[in-house]
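S.K.: model19.txt is reproduced below (compact mmCIF, C-alpha atoms).
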```
# COMPACT_ATOMS: atom_id res chain seq x y z
CA MET A 3 -12.50 -35.85 171.94
CA ALA A 4 -10.37 -38.88 172.63
CA SER A 5 -10.65 -42.59 173.39
CA HIS A 6 -8.55 -44.66 175.76
CA LEU A 7 -7.31 -48.26 175.69
CA HIS A 8 -6.19 -49.41 179.14
CA PHE A 9 -3.49 -52.11 179.37
CA GLY A 10 -3.07 -54.65 182.16
CA GLU A 11 -0.02 -56.81 182.81
CA GLU A 12 -1.15 -59.65 180.49
CA ASP A 13 -1.96 -57.28 177.65
CA PHE A 14 1.72 -56.46 177.17
CA LEU A 15 2.32 -60.16 176.44
CA ASN A 16 -0.50 -60.45 173.91
CA CYS A 17 0.24 -57.70 171.40
CA ARG A 18 1.01 -58.77 167.85
CA PHE A 19 1.28 -57.41 164.31
CA ALA A 20 -0.95 -58.57 161.48
CA VAL A 21 -1.71 -57.94 157.80
CA SER A 22 -5.18 -58.51 156.38
CA PRO A 23 -6.15 -58.63 152.69
CA LEU A 24 -9.81 -58.71 153.78
CA TRP A 25 -9.40 -55.47 155.71
CA GLU A 26 -7.66 -53.80 152.76
CA THR A 27 -10.53 -54.88 150.52
CA GLN A 28 -13.11 -53.32 152.83
CA ASP A 29 -11.13 -50.13 153.15
CA ALA A 30 -10.56 -49.95 149.38
CA VAL A 31 -14.35 -50.05 148.98
CA ARG A 32 -14.69 -47.37 151.66
CA THR A 33 -12.04 -45.21 149.97
CA LEU A 34 -14.03 -45.11 146.73
CA ARG A 35 -16.81 -43.29 148.57
CA ARG A 36 -14.67 -40.95 150.66
CA PRO A 37 -12.88 -38.13 148.79
CA ASP A 38 -10.88 -37.28 151.93
CA ARG A 39 -9.06 -40.59 151.48
CA HIS A 40 -8.19 -40.09 147.82
CA GLY A 41 -5.00 -38.02 148.24
CA TYR A 42 -2.29 -40.67 147.93
CA HIS A 43 -4.44 -43.07 145.89
CA VAL A 44 -5.28 -41.01 142.79
CA PRO A 45 -3.16 -43.22 140.44
CA TRP A 46 -4.93 -46.34 141.75
CA LEU A 47 -8.34 -44.68 141.43
CA ARG A 48 -7.58 -43.84 137.81
CA ARG A 49 -6.53 -47.40 137.06
CA ILE A 50 -9.61 -49.04 138.54
CA ARG A 51 -12.17 -46.41 137.52
CA THR A 52 -13.71 -48.42 134.67
CA ALA A 53 -13.72 -51.73 136.54
CA ALA A 54 -15.14 -50.14 139.70
CA ALA A 55 -17.98 -48.58 137.72
CA GLY A 56 -19.21 -52.10 136.95
CA LEU A 57 -19.45 -53.09 140.63
CA ASP A 58 -22.52 -52.76 142.83
CA LEU A 59 -20.93 -51.52 146.03
CA ALA A 60 -24.08 -49.98 147.52
CA PRO A 61 -24.79 -52.95 149.86
CA LEU A 62 -21.28 -52.75 151.34
CA TRP A 63 -21.44 -48.96 151.62
CA LEU A 64 -24.70 -49.26 153.55
CA LEU A 65 -22.72 -50.96 156.34
CA MET A 66 -19.90 -48.40 156.34
CA PRO A 67 -21.26 -45.39 158.25
CA ARG A 68 -18.89 -42.44 158.47
CA ARG A 69 -19.37 -42.52 162.23
CA GLY A 70 -20.69 -45.48 164.10
CA HIS A 71 -20.50 -49.25 164.07
CA CYS A 72 -19.31 -51.39 161.16
CA PRO A 73 -20.23 -55.09 161.47
CA ASP A 74 -17.42 -57.06 163.08
CA TRP A 75 -18.54 -60.30 161.45
CA LEU A 76 -17.95 -58.81 158.00
CA GLY A 77 -14.32 -58.02 158.73
CA ALA A 78 -13.12 -59.95 161.74
CA PRO A 79 -9.54 -59.46 162.96
CA PRO A 80 -6.97 -61.32 160.86
CA ILE A 81 -6.54 -65.03 161.50
CA GLY A 82 -2.75 -64.78 161.54
CA PRO A 83 0.18 -62.76 160.19
CA ALA A 84 0.14 -64.49 156.80
CA ALA A 85 -3.57 -65.22 156.29
CA THR A 86 -4.76 -65.25 152.69
CA PHE A 87 -7.91 -63.61 151.42
CA GLU A 88 -9.37 -67.06 150.79
CA GLN A 89 -8.90 -68.00 154.44
CA GLU A 90 -10.38 -64.74 155.66
CA ILE A 91 -13.42 -64.79 153.37
CA ALA A 92 -14.08 -68.38 154.44
CA ALA A 93 -14.35 -67.11 158.03
CA VAL A 94 -16.86 -64.48 156.86
CA ARG A 95 -18.93 -67.13 155.10
CA ALA A 96 -18.89 -69.23 158.27
CA ALA A 97 -20.34 -66.42 160.43
CA ASP A 98 -23.27 -67.39 162.65
CA PRO A 99 -26.32 -65.90 160.86
CA GLU A 100 -28.15 -64.82 164.02
CA ALA A 101 -25.07 -63.15 165.49
CA ALA A 102 -24.47 -61.50 162.09
CA ARG A 103 -28.08 -60.30 162.05
CA GLU A 104 -27.71 -58.60 165.43
CA ASP A 105 -24.36 -57.07 164.46
CA THR A 106 -25.78 -55.83 161.14
CA ALA A 107 -28.84 -54.28 162.81
CA ARG A 108 -26.53 -52.33 165.10
CA SER A 109 -24.64 -51.01 162.06
CA LEU A 110 -27.77 -50.14 160.08
CA ALA A 111 -29.02 -48.11 163.03
CA CYS A 112 -26.05 -45.75 162.53
CA THR A 113 -27.36 -44.62 159.12
CA PRO A 114 -30.69 -42.76 159.10
CA GLY A 115 -33.33 -44.78 157.26
CA ALA A 116 -31.14 -47.85 156.72
CA LEU A 117 -33.05 -50.12 159.11
CA ALA A 118 -36.33 -49.39 157.35
CA SER A 119 -34.88 -49.61 153.82
CA ASP A 120 -35.81 -52.48 151.53
CA GLN A 121 -32.24 -53.79 151.71
CA GLY A 122 -32.04 -53.55 155.49
CA ARG A 123 -35.36 -55.29 156.05
CA ALA A 124 -34.47 -58.06 153.57
CA TRP A 125 -31.17 -58.76 155.32
CA LEU A 126 -32.67 -58.89 158.80
CA ALA A 127 -35.48 -61.15 157.59
CA ASP A 128 -33.06 -63.66 156.02
CA PRO A 129 -29.61 -63.46 157.67
CA VAL A 130 -28.39 -66.66 155.96
CA ARG A 131 -28.90 -65.00 152.58
CA MET A 132 -27.39 -61.77 153.93
CA VAL A 133 -24.15 -63.51 154.92
CA ARG A 134 -23.89 -65.14 151.51
CA GLU A 135 -24.62 -61.97 149.53
CA LEU A 136 -22.24 -59.74 151.45
CA ALA A 137 -19.44 -62.33 151.36
CA ASP A 138 -19.95 -62.60 147.58
CA ALA A 139 -19.81 -58.79 147.25
CA LEU A 140 -16.56 -58.65 149.23
CA GLU A 141 -15.00 -61.38 147.11
CA VAL A 142 -15.87 -59.59 143.87
CA ALA A 143 -14.42 -56.35 145.28
CA TRP A 144 -11.21 -58.20 146.18
CA ARG A 145 -10.82 -59.68 142.70
CA VAL A 146 -11.43 -56.38 140.91
CA LEU A 147 -10.00 -53.68 143.20
CA VAL A 148 -7.26 -55.20 145.33
CA GLU A 149 -5.97 -58.55 144.10
CA PRO A 150 -4.25 -57.13 140.97
CA GLU A 151 -2.22 -54.81 143.24
CA TRP A 152 -1.80 -57.16 146.19
CA PRO A 153 1.93 -57.96 145.66
CA ARG A 154 2.69 -54.21 145.82
CA LEU A 155 0.39 -53.65 148.82
CA ARG A 156 1.59 -56.70 150.72
CA ALA A 157 5.22 -55.68 150.24
CA LEU A 158 4.52 -52.27 151.77
CA LEU A 159 2.52 -53.73 154.67
CA GLU A 160 5.10 -56.41 155.47
CA ALA A 161 7.87 -53.81 155.29
CA ASP A 162 5.96 -51.76 157.85
CA VAL A 163 5.64 -54.79 160.14
CA ALA A 164 9.34 -55.60 159.73
CA PHE A 165 10.34 -52.01 160.56
CA HIS A 166 8.11 -51.70 163.60
CA SER A 167 9.01 -55.17 164.86
CA ARG A 168 12.63 -54.04 164.84
CA ARG A 169 11.65 -50.85 166.66
CA LEU A 170 9.78 -52.92 169.23
CA ALA A 171 12.96 -54.88 169.92
CA GLU A 172 14.97 -51.65 170.16
CA VAL A 173 12.72 -49.40 172.26
CA GLY A 174 9.89 -51.49 173.70
CA LEU A 175 6.12 -51.30 173.31
CA GLY A 176 5.64 -48.07 175.27
CA THR A 177 7.88 -46.09 172.93
CA LEU A 178 6.69 -47.87 169.80
CA LEU A 179 2.96 -47.20 170.17
CA PRO A 180 3.17 -43.39 169.79
CA GLU A 181 5.54 -43.88 166.84
CA LEU A 182 2.83 -45.69 164.87
CA ASP A 183 1.01 -42.39 164.40
CA ALA A 184 1.65 -38.88 165.70
CA ARG A 185 -1.91 -38.69 167.04
CA LEU A 186 -1.36 -41.55 169.52
CA SER A 187 -0.07 -40.94 173.04
CA TRP A 188 1.02 -43.29 175.81
CA ASP A 189 1.31 -42.78 179.56
CA GLY A 190 2.63 -46.16 180.64
CA ARG A 191 -0.71 -47.95 180.97
CA THR A 192 -3.13 -46.19 178.62
CA LEU A 193 -3.06 -45.58 174.87
CA THR A 194 -4.98 -42.43 173.90
CA LEU A 195 -6.41 -42.18 170.39
CA PRO A 196 -8.02 -39.31 168.46
CA GLY A 197 -11.79 -39.26 168.11
CA GLY A 198 -14.48 -41.17 169.91
CA VAL A 199 -15.28 -40.98 173.61
CA TYR A 200 -14.94 -44.57 174.78
CA GLU A 201 -12.92 -46.26 177.51
CA ARG A 202 -11.87 -49.87 176.94
CA ARG A 203 -9.93 -52.23 179.16
CA LEU A 204 -8.15 -54.82 177.06
CA GLY A 205 -8.69 -57.42 179.77
CA GLY A 206 -5.67 -59.57 178.99
CA ARG A 207 -6.51 -59.96 175.29
CA GLY A 208 -3.77 -57.57 174.19
CA LEU A 209 -3.90 -55.58 170.97
CA VAL A 210 -3.48 -56.42 167.28
CA LEU A 211 -1.37 -53.75 165.54
CA MET A 212 -2.30 -53.67 161.86
CA PRO A 213 -0.83 -51.34 159.20
CA SER A 214 -3.18 -50.45 156.37
CA VAL A 215 -2.78 -48.80 152.98
CA PHE A 216 -6.35 -47.65 152.51
CA CYS A 217 -7.19 -46.49 156.05
CA TRP A 218 -5.12 -43.32 155.52
CA PRO A 219 -5.51 -40.72 157.02
CA ASP A 220 -7.50 -42.41 159.80
CA VAL A 221 -6.41 -44.34 162.86
CA ILE A 222 -9.06 -46.94 163.65
CA THR A 223 -9.80 -49.16 166.62
CA GLY A 224 -12.47 -51.76 166.93
CA PHE A 225 -13.81 -55.20 167.66
CA ASP A 226 -15.89 -56.15 170.65
CA PRO A 227 -15.48 -59.48 172.48
CA PRO A 228 -14.86 -62.21 171.55
CA TRP A 229 -12.60 -60.55 168.95
CA GLN A 230 -9.16 -59.34 169.94
CA PRO A 231 -9.02 -55.52 170.07
CA THR A 232 -7.28 -54.08 167.02
CA LEU A 233 -5.54 -50.81 166.18
CA VAL A 234 -5.35 -50.03 162.45
CA TYR A 235 -2.90 -47.29 161.43
CA PRO A 236 -1.59 -45.88 158.09
CA ALA A 237 1.37 -47.89 156.80
CA ARG A 238 4.79 -46.27 156.41
CA GLY A 239 5.64 -45.27 152.84
CA VAL A 240 2.07 -45.00 151.57
CA GLY A 241 2.95 -41.64 150.01
CA GLY A 242 5.21 -43.33 147.44
CA LEU A 243 3.15 -46.47 146.96
CA TRP A 244 1.79 -45.68 143.51
CA ALA A 245 4.81 -43.82 142.13
CA GLU A 246 5.89 -45.12 138.74
CA PRO A 247 9.47 -46.42 138.38
CA GLY A 248 10.65 -43.49 136.28
CA ALA A 249 9.56 -41.04 138.95
CA ARG A 250 11.72 -42.79 141.55
CA THR A 251 15.01 -43.10 139.69
CA PRO A 252 17.44 -40.14 139.70
CA GLU A 253 19.08 -39.73 136.30
CA ALA A 254 22.58 -39.48 137.81
CA LEU A 255 22.05 -42.77 139.65
CA ALA A 256 20.91 -44.43 136.41
CA ARG A 257 24.10 -43.29 134.66
CA LEU A 258 26.22 -44.64 137.51
CA LEU A 259 24.61 -48.05 138.04
CA GLY A 260 22.62 -48.67 134.89
CA ARG A 261 18.91 -47.96 134.70
CA GLY A 262 17.75 -51.39 135.88
CA ARG A 263 19.92 -51.52 139.01
CA ALA A 264 19.25 -47.87 139.77
CA ALA A 265 15.49 -48.46 139.53
CA VAL A 266 15.74 -51.38 141.96
CA LEU A 267 17.80 -49.40 144.45
CA ALA A 268 15.54 -46.35 144.17
CA ALA A 269 12.41 -48.49 144.68
CA LEU A 270 13.59 -49.78 148.05
CA ASP A 271 12.24 -46.92 150.15
CA ASP A 272 11.02 -49.76 152.38
CA PRO A 273 12.17 -53.39 152.49
CA ALA A 274 10.70 -55.50 149.68
CA SER A 275 10.95 -58.96 148.13
CA THR A 276 12.09 -59.88 144.62
CA THR A 277 8.50 -60.59 143.55
CA ALA A 278 7.17 -57.30 144.93
CA LEU A 279 9.93 -55.31 143.23
CA ALA A 280 9.35 -57.09 139.92
CA HIS A 281 5.65 -56.27 140.10
CA ARG A 282 6.30 -52.67 141.13
CA LEU A 283 8.90 -52.02 138.42
CA GLY A 284 7.38 -54.04 135.61
CA LEU A 285 10.55 -56.17 135.26
CA ALA A 286 11.04 -59.91 135.05
CA PRO A 287 11.72 -61.50 138.47
CA SER A 288 14.92 -63.03 137.09
CA SER A 289 16.21 -59.56 136.10
CA VAL A 290 15.33 -58.10 139.50
CA SER A 291 17.02 -61.03 141.24
CA SER A 292 20.20 -60.44 139.22
CA HIS A 293 20.19 -56.72 140.05
CA LEU A 294 19.62 -57.45 143.74
CA SER A 295 22.56 -59.84 143.84
CA VAL A 296 24.92 -57.28 142.33
CA LEU A 297 23.68 -54.49 144.60
CA ARG A 298 24.06 -56.69 147.67
CA GLU A 299 27.56 -57.84 146.69
CA SER A 300 28.47 -54.16 146.22
CA GLY A 301 27.42 -53.33 149.77
CA LEU A 302 24.38 -51.28 148.77
CA LEU A 303 21.76 -53.72 150.09
CA THR A 304 21.29 -56.26 152.85
CA SER A 305 18.80 -59.12 152.92
CA ARG A 306 16.98 -61.03 155.64
CA ARG A 307 14.26 -63.61 155.79
CA TYR A 308 10.78 -62.53 156.89
CA GLY A 309 8.26 -65.35 157.03
CA HIS A 310 8.11 -67.07 153.66
CA GLN A 311 10.20 -64.57 151.72
CA VAL A 312 13.48 -62.66 151.66
CA LEU A 313 13.30 -58.89 152.08
CA TYR A 314 15.97 -56.52 150.73
CA GLU A 315 16.76 -53.10 152.14
CA ARG A 316 19.37 -50.43 151.58
CA THR A 317 22.54 -50.15 153.61
CA PRO A 318 23.64 -46.66 154.71
CA LEU A 319 25.77 -46.46 151.55
CA GLY A 320 22.75 -47.49 149.44
CA MET A 321 20.64 -44.85 151.15
CA ALA A 322 23.22 -42.16 150.43
CA LEU A 323 23.42 -43.09 146.76
CA ALA A 324 19.65 -43.30 146.31
CA SER A 325 19.15 -39.89 147.93
CA GLY A 326 22.00 -38.24 146.06
CA GLY A 327 23.87 -37.60 149.33
```
Can you dump the structure from the file as structure tokens?
M.R.:
Amino acid sequence: MASHLHFGEEDFLNCRFAVSPLWETQDAVRTLRRPDRHGYHVPWLRRIRTAAAGLDLAPLWLLMPRRGHCPDWLGAPPIGPAATFEQEIAAVRAADPEAAREDTARSLACTPGALASDQGRAWLADPVRMVRELADALEVAWRVLVEPEWPRLRALLEADVAFHSRRLAEVGLGTLLPELDARLSWDGRTLTLPGGVYERRLGGRGLVLMPSVFCWPDVITGFDPPWQPTLVYPARGVGGLWAEPGARTPEALARLLGRGRAAVLAALDDPASTTALAHRLGLAPSSVSSHLSVLRESGLLTSRRYGHQVLYERTPLGMALASGG
């Protein structure tokens, strides 16, 4: 089975990248219930086990069928490339209750018995309360499950966007799209995706390309009008996301550069900011900044501005040293 997204001339002009803390929160909640998504995230699952046990995630899970519709109002496409969770949850709270009621009923129908359940009937009878309760549940999930790790997650997601934006400039959209995931294919006008059986014409709205940490191993599309169609794909580097600093740093490299500088160089599998590296390595930002300066002056790193921050990445010499080549 496969699904197809058909591009017109205007759609090529309206494709953009985005990062969404709200989406990551929803998919973190979904990951807790899906063992097939646990592979890369076992260290995170261990860390949040106790805190997650104190959350009531059943209402959110009720609207996350394994196959079928998830409410668009509960996780609308990101407002912009640098939207905060606070901005995104405010949009959820501002959802039209009647539209949310219809969208929720469609989702409940995908789970046997959900429409007739006490929870389902209560939501559909009072959609204003439903919007408030589900927005509150999402905000609590963000604070407990995702916000403590957000600097690390955001660094990985922004590095993915930076990498693929550069690839877009180098090879164009037609070559880039299949590179986002091996299961995608492109024939010049149509993007073919695994699973599903739908045909969708983008109709000039283009496509939001959104890397995700917690969607792995899935590739996801969604959002009916008036939302902009969105393709969510696993971010590059998710396999090393939760690796501890000691596991990244070759002993020979530590003897050559010193353990602090070696740890910084080894951690830059993907471009990252000073703040993200400090959080990832458990070092003071001032120490990381000092190490980055020395590594850059030595020709092992380069830096460039991306949005509100400076991202560092290895030069070919830095790559060779970090890999032992």
S.K.: Which residue gives the smallest distance to A:Cys72 among A:Gly198, A:Arg203, A:Val130, A:Thr223, with only C-alpha atoms counted?
M.R.: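 Among A:Gly198, A:Arg203, A:Val130, A:Thr223, it is A:Thr223 that comes nearest to A:Cys72.
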S.K.: Report the closest atom pair, with its distance in Å rounded to one decimal, for each residue of stretch 118-184 of chain A that has an atom no farther than 10 Å from stretch 256-272 of chain A; count all atoms listed in the file, sort by chain and then rising residue number, and write it as CSV.
M.R.:
```
residue,atom,partner,partner_atom,distance
A:Ala157,CA,A:Asp272,CA,8.6
A:Leu158,CA,A:Asp272,CA,7.0
A:Leu159,CA,A:Asp272,CA,9.7
A:Glu160,CA,A:Asp272,CA,9.4
A:Ala161,CA,A:Asp272,CA,5.9
A:Asp162,CA,A:Asp272,CA,7.7
A:Ala164,CA,A:Asp272,CA,9.5
A:Phe165,CA,A:Asp272,CA,8.5
```
S.K.: Record the distance separating atom CA of A:Ser22 and atom CA of A:Pro213, expressed in Å with one decimal.
M.R.: 8.8 Å
S.K.: Could you name the residues that touch A:Tyr42 at 9 Å or less, counting all atoms listed in the file, but leaving out those on the same chain fewer than 4 positions away, as a PyMOL selection string?
M.R.: chain A and resi 46+218+240-244
S.K.: Report, in Å with one decimal, the straight-line distance from atom CA of A:Leu294 to atom CA of A:Pro318.
M.R.: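 Pair atom CA of A:Leu294 / atom CA of A:Pro318 returns 15.9 Å.
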